[in-house]
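J.: Below: one structure in structure tokens.
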Amino acid sequence: MLATKIIQKFPFISNYFSLLLESNTKKFPQSIVFEGLDVYAQCFFALELARVLNCLEAGDENCQCLNCRWIREGKHPAVNFVSQLHFKEQNDDSKTVISVAQVKNIEKSLREKSDYHRFFIFFDAKQTPLDDAKRLLLNNYSPEGYDICPDENWTMGHLNQKTFSPLTLNILLKCVEEPPERTTFVFLTKNRSDLINTIVSRSQCFKLPVAVQKVDFAQINSFFENYPNITLQEAFLISENLQNYIKENEISADCVLDSILAYFLYKLKHAFDNQNYSKLQNDIKYVSEAKMHLASSILEKTVFDTLLLKFAGSVK
Ligand SMILES: [Zn+2]
């Protein structure tokens with residue numbers, strides 16, 4: 001079934017889809033709108049749905065059938081990315097929008113019969129190299145074996161008011177209204193209001209919450225009051241506070257690390273002086289390492305103590 005990483009991050013929605021996939025795939029939605037902060041999480045969720053629906057075996061997470069492999073490698077003929085950079089013919093010179101020509105091609109392809117369950121995954125894309133913050137999010141949500149940004153020269157974003165031209169949307173709406181069977185459109189949005197109502201009303205909408213939402217951001221902020229100047233003594237104190245916070249609120253340590261990551265990414269975005277910038281980049285790397293240590297069953301206390309000592313600059 002769906003990859004463990006996806007199920008762990010989004011247990012509720014994964015459960016809903018797992019039941020649907022097991023019971024009656026004929027009832028699988030023809031159009032899905034994902035809402036939430038993390039576009040990569042949405043993309044991997046959509047790809048996992050496409051993978052299970054097209055798998056030639058039982059849909060297991062590690063399945064190596066042709067369809068599963070193609071989808072992980074981004075090469076499946078029926079599972080399509082549609083953006084300013086994808087599903088575009090060479091002579092199409094519309095660089096900033098999803099063009100009429102692209103949507104007409106989708107319309108045309110739908111008239112042909114297919115042995116597969118077809119997916120069209122819509123998002124906004126820019127031809128800018130993947131920055132550190134985005135790469136971390138990409139790695140954070142990527143299930144085993146996936147390779148969706150191999151050249152790292154483009155960045156995935158949420159659909160916004162400017163991604164489509166109005167004319168494009170009219171043609172697309174017709175496809176969404178009456179798709180052939182075994183066809184699913186997926187729209188990756190921050191908020192459904194970024195997409196026209198006529199498409200939203202014909203879609204099933206799902207919120208993919210990021211783990212961060214479970215943790216009180218102000219709380220994380222208060223733990224890191226003195227950041228970036230954390231003394232050795234403070235390091236142990238903050239580590240203890242974090243561990244208590246985990247116990248008292250019955251949340252996972254991984255979830256708290258995700259929140260620290262999000263907190264630092266936010267700081268990174270708003271860092272104006274360069275000195276902090278490189279420290280933040282290093283510390284973000286340390287949080288990712290801590291997540292890996294946690295996953296390999298190292299004691300929570302050891303993971304947090306080591307992480308905080310790294311923040312304090314006492315351990316490399
Ligand atoms: Zn398979």
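Ordering of the structure tokens sets the chain letters (A, B, ...), residue numbers begin anew at 1 in every chain, and ligands are numbered from 1 in the order given.
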As a compact mmCIF listing (two decimals) with C-alpha atoms, in the first residue's frame, please: all residues of range 137-262 of chain A that backbone DSSP puts in strand (DSSP E or B).
T.:
# COMPACT_ATOMS: atom_id res chain seq x y z
CA THR A 155 11.59 24.27 -8.19
CA MET A 156 8.06 23.08 -7.54
CA GLY A 157 5.51 25.54 -6.16
CA LEU A 159 -0.65 26.66 -8.17
CA PHE A 164 -3.11 29.28 -15.81
CA THR A 183 -8.39 9.24 -15.03
CA THR A 184 -7.53 11.53 -12.11
CA PHE A 185 -6.58 15.20 -12.08
CA VAL A 186 -4.65 16.45 -9.06
CA PHE A 187 -4.18 20.13 -8.22
CA LEU A 188 -1.50 21.13 -5.71
CA THR A 189 -2.52 24.30 -3.87
CA GLN A 204 -12.61 16.30 -3.70
CA CYS A 205 -10.52 18.57 -1.49
CA PHE A 206 -8.04 17.26 1.08
CA LYS A 207 -5.93 19.20 3.54
J.: Step by step, measure atom-to-atom distances between ligand 1 and each residue using only C-alpha atoms and all ligand atoms, keep those at most 6 Å, then write them as a ChimeraX atom specification.
T.: /A:55-57,59,63-65,67-68
J.: Rank A:Gln127, A:Ser31, A:Asn54, A:Asn276 by their smallest atom-to-atom distance to Leu172 in chain A, using only C-alpha atoms, and report the top residue only.
T.: A:Ser31
J.: Please provide the set of residues having any atom within 10 Å of Phe17 in chain A, restricted to only C-alpha atoms, with same-chain residues fewer than 4 positions apart removed, written as a list in words.
T.: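 Returned residues: Met1, Leu2, Phe12, Ile13, Leu21, Glu22, Ser23, Thr25, Phe28 and Leu49 of chain A.
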J.: What's the 7 Å shell around Lys291 in chain A, counting only C-alpha atoms, without same-chain residues fewer than 3 positions away, as a tab-separated table (two decimals) with N, CA and C atoms, in the first residue's frame?
T.:
chain	number	residue	atom	x	y	z
A	254	ASP	N	10.09	13.20	16.54
A	254	ASP	CA	10.28	13.52	15.13
A	254	ASP	C	9.47	14.77	14.76
A	257	LEU	N	11.23	17.78	16.02
A	257	LEU	CA	12.37	18.09	15.14
A	257	LEU	C	11.88	18.76	13.85
A	287	VAL	N	19.79	19.36	12.28
A	287	VAL	CA	18.45	18.86	12.61
A	287	VAL	C	18.11	17.65	11.73
A	288	SER	N	18.47	17.74	10.45
A	288	SER	CA	18.22	16.61	9.54
A	288	SER	C	18.98	15.37	10.02
A	294	LEU	N	17.41	9.61	15.10
A	294	LEU	CA	16.19	9.19	15.77
A	294	LEU	C	15.58	7.98	15.06
A	295	ALA	N	15.58	8.05	13.72
A	295	ALA	CA	15.01	6.96	12.93
A	295	ALA	C	15.82	5.68	13.10
J.: To one decimal place, how far is CA of Ala312 in chain A from CA of Ile230 in chain A in Å?
T.: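 Computed distance, CA of Ala312 in chain A to CA of Ile230 in chain A, equals 5.0 Å.
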J.: Applying 12 Å and only C-alpha atoms, which residues near Gln233 in chain A remain after dropping the ones on its own chain fewer than 3 positions away? List them as an NGL selection string.
T.: :A and (229-230 or 236-240 or 305 or 308-309 or 311-312 or 314)
J.: Asn140 in chain A: which residues within 9 Å, counting only C-alpha atoms, same-chain residues fewer than 2 positions away excluded, as a list in words?
T.: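 Here the answer would be Tyr40, Ala41, Arg135, Leu136, Leu137, Leu138, Ser142, Pro143, Asp258 and Ser288 of chain A.
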J.: At a cut-off of 12 Å, using only C-alpha atoms, what residues contact Asn221 in chain A? Leave out same-chain residues fewer than 3 positions from it and give the result as a VMD selection string.
T.: chain A and resid 215 to 218 224 to 228 238 242 259 to 264 266 to 267
J.: Using DSSP on the backbone, list every residue of range 60-272 of chain A that comes out as alpha helix (DSSP H), and give them as a PyMOL selection string.
T.: chain A and resi 66-72+100-111+132-141+166-177+197-200+217-223+232-249+253-269
J.: One decimal, in Å: what's the spacing between CA of Arg182 in chain A and CA of Pro77 in chain A?
T.: 14.3 Å
J.: Would you mind reading off the distance between CA of Gln243 in chain A and CA of Val315 in chain A, one decimal, in Å?
T.: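 Here the two named atoms are 19.7 Å from each other.
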